[in-house]
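Enquirer: Structure supplied as work-v2.txt; contents: compact mmCIF, N, CA and C atoms.
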# COMPACT_ATOMS: atom_id res chain seq x y z
N MET T 1214 0.83 -1.18 0.00
CA MET T 1214 0.00 0.00 0.00
C MET T 1214 0.88 1.25 0.00
N VAL T 1215 0.55 2.18 -0.84
CA VAL T 1215 1.28 3.44 -0.92
C VAL T 1215 0.49 4.49 -0.14
N ILE T 1216 1.16 5.13 0.80
CA ILE T 1216 0.50 6.16 1.60
C ILE T 1216 0.73 7.51 0.94
N THR T 1217 -0.38 8.20 0.63
CA THR T 1217 -0.30 9.51 0.00
C THR T 1217 -0.91 10.55 0.92
N ALA T 1218 -0.92 11.80 0.47
CA ALA T 1218 -1.50 12.88 1.26
C ALA T 1218 -3.00 12.65 1.46
N ALA T 1219 -3.63 11.93 0.57
CA ALA T 1219 -5.06 11.65 0.70
C ALA T 1219 -5.34 10.71 1.88
N HIS T 1220 -4.37 9.90 2.25
CA HIS T 1220 -4.54 8.98 3.37
C HIS T 1220 -4.27 9.64 4.72
N LEU T 1221 -3.62 10.78 4.72
CA LEU T 1221 -3.19 11.41 5.97
C LEU T 1221 -4.33 11.69 6.95
N PRO T 1222 -5.45 12.28 6.53
CA PRO T 1222 -6.53 12.52 7.50
C PRO T 1222 -7.06 11.23 8.15
N ALA T 1223 -7.15 10.17 7.37
CA ALA T 1223 -7.64 8.90 7.91
C ALA T 1223 -6.65 8.32 8.92
N ILE T 1224 -5.38 8.41 8.63
CA ILE T 1224 -4.36 7.90 9.54
C ILE T 1224 -4.35 8.71 10.83
N VAL T 1225 -4.42 10.03 10.71
CA VAL T 1225 -4.44 10.89 11.90
C VAL T 1225 -5.68 10.61 12.73
N ALA T 1226 -6.83 10.44 12.09
CA ALA T 1226 -8.07 10.15 12.82
C ALA T 1226 -7.97 8.82 13.54
N LEU T 1227 -7.40 7.83 12.91
CA LEU T 1227 -7.24 6.52 13.53
C LEU T 1227 -6.34 6.59 14.75
N ILE T 1228 -5.21 7.24 14.62
CA ILE T 1228 -4.28 7.37 15.75
C ILE T 1228 -4.92 8.18 16.88
N ALA T 1229 -5.61 9.27 16.54
CA ALA T 1229 -6.27 10.09 17.56
C ALA T 1229 -7.34 9.29 18.28
N GLY T 1230 -8.12 8.51 17.54
CA GLY T 1230 -9.16 7.70 18.16
C GLY T 1230 -8.59 6.68 19.14
N ILE T 1231 -7.51 6.05 18.76
CA ILE T 1231 -6.87 5.07 19.65
C ILE T 1231 -6.34 5.75 20.90
N LEU T 1232 -5.70 6.91 20.73
CA LEU T 1232 -5.16 7.63 21.88
C LEU T 1232 -6.28 8.09 22.82
N ILE T 1233 -7.41 8.52 22.26
CA ILE T 1233 -8.53 8.96 23.09
C ILE T 1233 -9.10 7.78 23.87
N LEU T 1234 -9.15 6.60 23.27
CA LEU T 1234 -9.63 5.42 23.99
C LEU T 1234 -8.70 5.06 25.13
N ILE T 1235 -7.39 5.19 24.90
CA ILE T 1235 -6.41 4.83 25.92
C ILE T 1235 -6.38 5.89 27.03
N MET T 1236 -6.35 7.16 26.62
CA MET T 1236 -6.25 8.27 27.59
C MET T 1236 -7.30 9.33 27.25
N PRO T 1237 -8.50 9.22 27.81
CA PRO T 1237 -9.58 10.16 27.45
C PRO T 1237 -9.24 11.63 27.74
N ARG T 1238 -8.33 11.91 28.64
CA ARG T 1238 -7.97 13.29 28.95
C ARG T 1238 -7.27 13.96 27.77
N LEU T 1239 -6.77 13.19 26.81
CA LEU T 1239 -6.11 13.76 25.64
C LEU T 1239 -7.10 14.38 24.66
N LEU T 1240 -8.39 14.10 24.83
CA LEU T 1240 -9.39 14.57 23.86
C LEU T 1240 -9.31 16.08 23.66
N ASN T 1241 -9.22 16.85 24.71
CA ASN T 1241 -9.16 18.30 24.58
C ASN T 1241 -7.96 18.74 23.75
N TYR T 1242 -6.81 18.15 24.02
CA TYR T 1242 -5.60 18.54 23.29
C TYR T 1242 -5.66 18.12 21.83
N ILE T 1243 -6.14 16.92 21.57
CA ILE T 1243 -6.22 16.43 20.20
C ILE T 1243 -7.17 17.29 19.38
N VAL T 1244 -8.32 17.62 19.94
CA VAL T 1244 -9.29 18.45 19.22
C VAL T 1244 -8.72 19.85 19.00
N ALA T 1245 -8.07 20.42 20.01
CA ALA T 1245 -7.50 21.76 19.88
C ALA T 1245 -6.43 21.80 18.80
N ILE T 1246 -5.53 20.83 18.80
CA ILE T 1246 -4.47 20.78 17.79
C ILE T 1246 -5.06 20.62 16.40
N TYR T 1247 -6.07 19.75 16.27
CA TYR T 1247 -6.71 19.53 14.98
C TYR T 1247 -7.36 20.81 14.47
N LEU T 1248 -8.09 21.51 15.34
CA LEU T 1248 -8.77 22.73 14.92
C LEU T 1248 -7.78 23.82 14.53
N ILE T 1249 -6.69 23.94 15.26
CA ILE T 1249 -5.66 24.92 14.90
C ILE T 1249 -5.04 24.58 13.55
N PHE T 1250 -4.73 23.31 13.34
CA PHE T 1250 -4.13 22.88 12.08
C PHE T 1250 -5.07 23.13 10.90
N VAL T 1251 -6.34 22.76 11.06
CA VAL T 1251 -7.31 22.95 9.98
C VAL T 1251 -7.49 24.45 9.70
N GLY T 1252 -7.50 25.26 10.75
CA GLY T 1252 -7.61 26.69 10.56
C GLY T 1252 -6.43 27.28 9.81
N LEU T 1253 -5.23 26.84 10.15
CA LEU T 1253 -4.04 27.33 9.46
C LEU T 1253 -4.02 26.91 8.00
N VAL T 1254 -4.41 25.67 7.74
CA VAL T 1254 -4.47 25.20 6.35
C VAL T 1254 -5.54 25.97 5.59
N GLY T 1255 -6.69 26.19 6.23
CA GLY T 1255 -7.79 26.90 5.58
C GLY T 1255 -7.44 28.34 5.24
N MET T 1256 -6.62 28.98 6.06
CA MET T 1256 -6.20 30.36 5.79
C MET T 1256 -5.04 30.42 4.81
N GLY T 1257 -4.49 29.28 4.45
CA GLY T 1257 -3.40 29.25 3.49
C GLY T 1257 -2.04 29.45 4.12
N LEU T 1258 -1.95 29.45 5.44
CA LEU T 1258 -0.66 29.64 6.09
C LEU T 1258 0.19 28.39 6.05
N LEU T 1259 -0.46 27.24 6.00
CA LEU T 1259 0.23 25.97 5.81
C LEU T 1259 -0.28 25.35 4.52
N ARG T 1260 0.60 24.78 3.77
CA ARG T 1260 0.21 24.15 2.51
C ARG T 1260 0.63 22.69 2.53
N TRP T 1261 -0.20 21.85 1.90
CA TRP T 1261 0.14 20.44 1.78
C TRP T 1261 1.32 20.32 0.83
N ILE T 1262 2.19 19.40 1.11
CA ILE T 1262 3.35 19.15 0.24
C ILE T 1262 2.94 18.06 -0.75
N HIS T 1263 3.00 18.39 -2.03
CA HIS T 1263 2.66 17.42 -3.07
C HIS T 1263 3.94 16.92 -3.71
N MET T 1264 4.06 15.60 -3.78
CA MET T 1264 5.26 15.02 -4.37
C MET T 1264 4.92 14.40 -5.70
Kindly transcribe the structure held in the file into structure tokens.
Expert:
Amino acid sequence: MVITAAHLPAIVALIAGILILIMPRLLNYIVAIYLIFVGLVGMGLLRWIHM
């Protein structure tokens, strides 16, 4: 299987879900980091790297 940028959100969601199940207190931090990242990408301050 080749992992591309299209797979990244699914992989991040899977890892975040596992971490939340193991340590529920991480939920606030995971959601906050995700929202900040999505906001930065949406404003164009961060760009996806295409290879």
Enquirer: I'd like the interatomic distance between atom CA of T:Val1244 and atom C of T:Pro1222, to a tenth of an Å.
Expert: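 Interatomic distance, atom CA of T:Val1244 to atom C of T:Pro1222: 13.4 Å.
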Enquirer: One number please: atom CA of T:Leu1227 to atom CA of T:Ala1245, in Å, one decimal.
Expert: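 Atom CA of T:Ala1245 lies at a distance of 16.5 Å from atom CA of T:Leu1227.
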Enquirer: Mind listing as a CSV table (one decimal) with N, CA and C atoms, in the frame of the given file all residues within 8 Å of (-0.3, 14.2, 18.8), counting all atoms listed in the file?
Expert:
chain,number,residue,atom,x,y,z
T,1228,ILE,N,-5.2,7.2,14.6
T,1228,ILE,CA,-4.3,7.4,15.8
T,1228,ILE,C,-4.9,8.2,16.9
T,1229,ALA,N,-5.6,9.3,16.5
T,1229,ALA,CA,-6.3,10.1,17.6
T,1229,ALA,C,-7.3,9.3,18.3
T,1242,TYR,N,-6.8,18.2,24.0
T,1242,TYR,CA,-5.6,18.5,23.3
T,1242,TYR,C,-5.7,18.1,21.8
T,1243,ILE,N,-6.1,16.9,21.6
T,1243,ILE,CA,-6.2,16.4,20.2
T,1243,ILE,C,-7.2,17.3,19.4
T,1246,ILE,N,-5.5,20.8,18.8
T,1246,ILE,CA,-4.5,20.8,17.8
T,1246,ILE,C,-5.1,20.6,16.4
Enquirer: For the atom pair atom CA of T:Ala1218 and atom CA of T:Gly1252, what is the interatomic distance in Å to one decimal place?
Expert: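 About the pair atom CA of T:Ala1218 and atom CA of T:Gly1252: they are 17.7 Å apart.
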Enquirer: Could you go through chain T and tell me which residues DSSP, when run on the backbone, assigns to helix (DSSP H, G or I), listing them as a ChimeraX atom specification?
Expert: /T:1218-1235,1237-1255
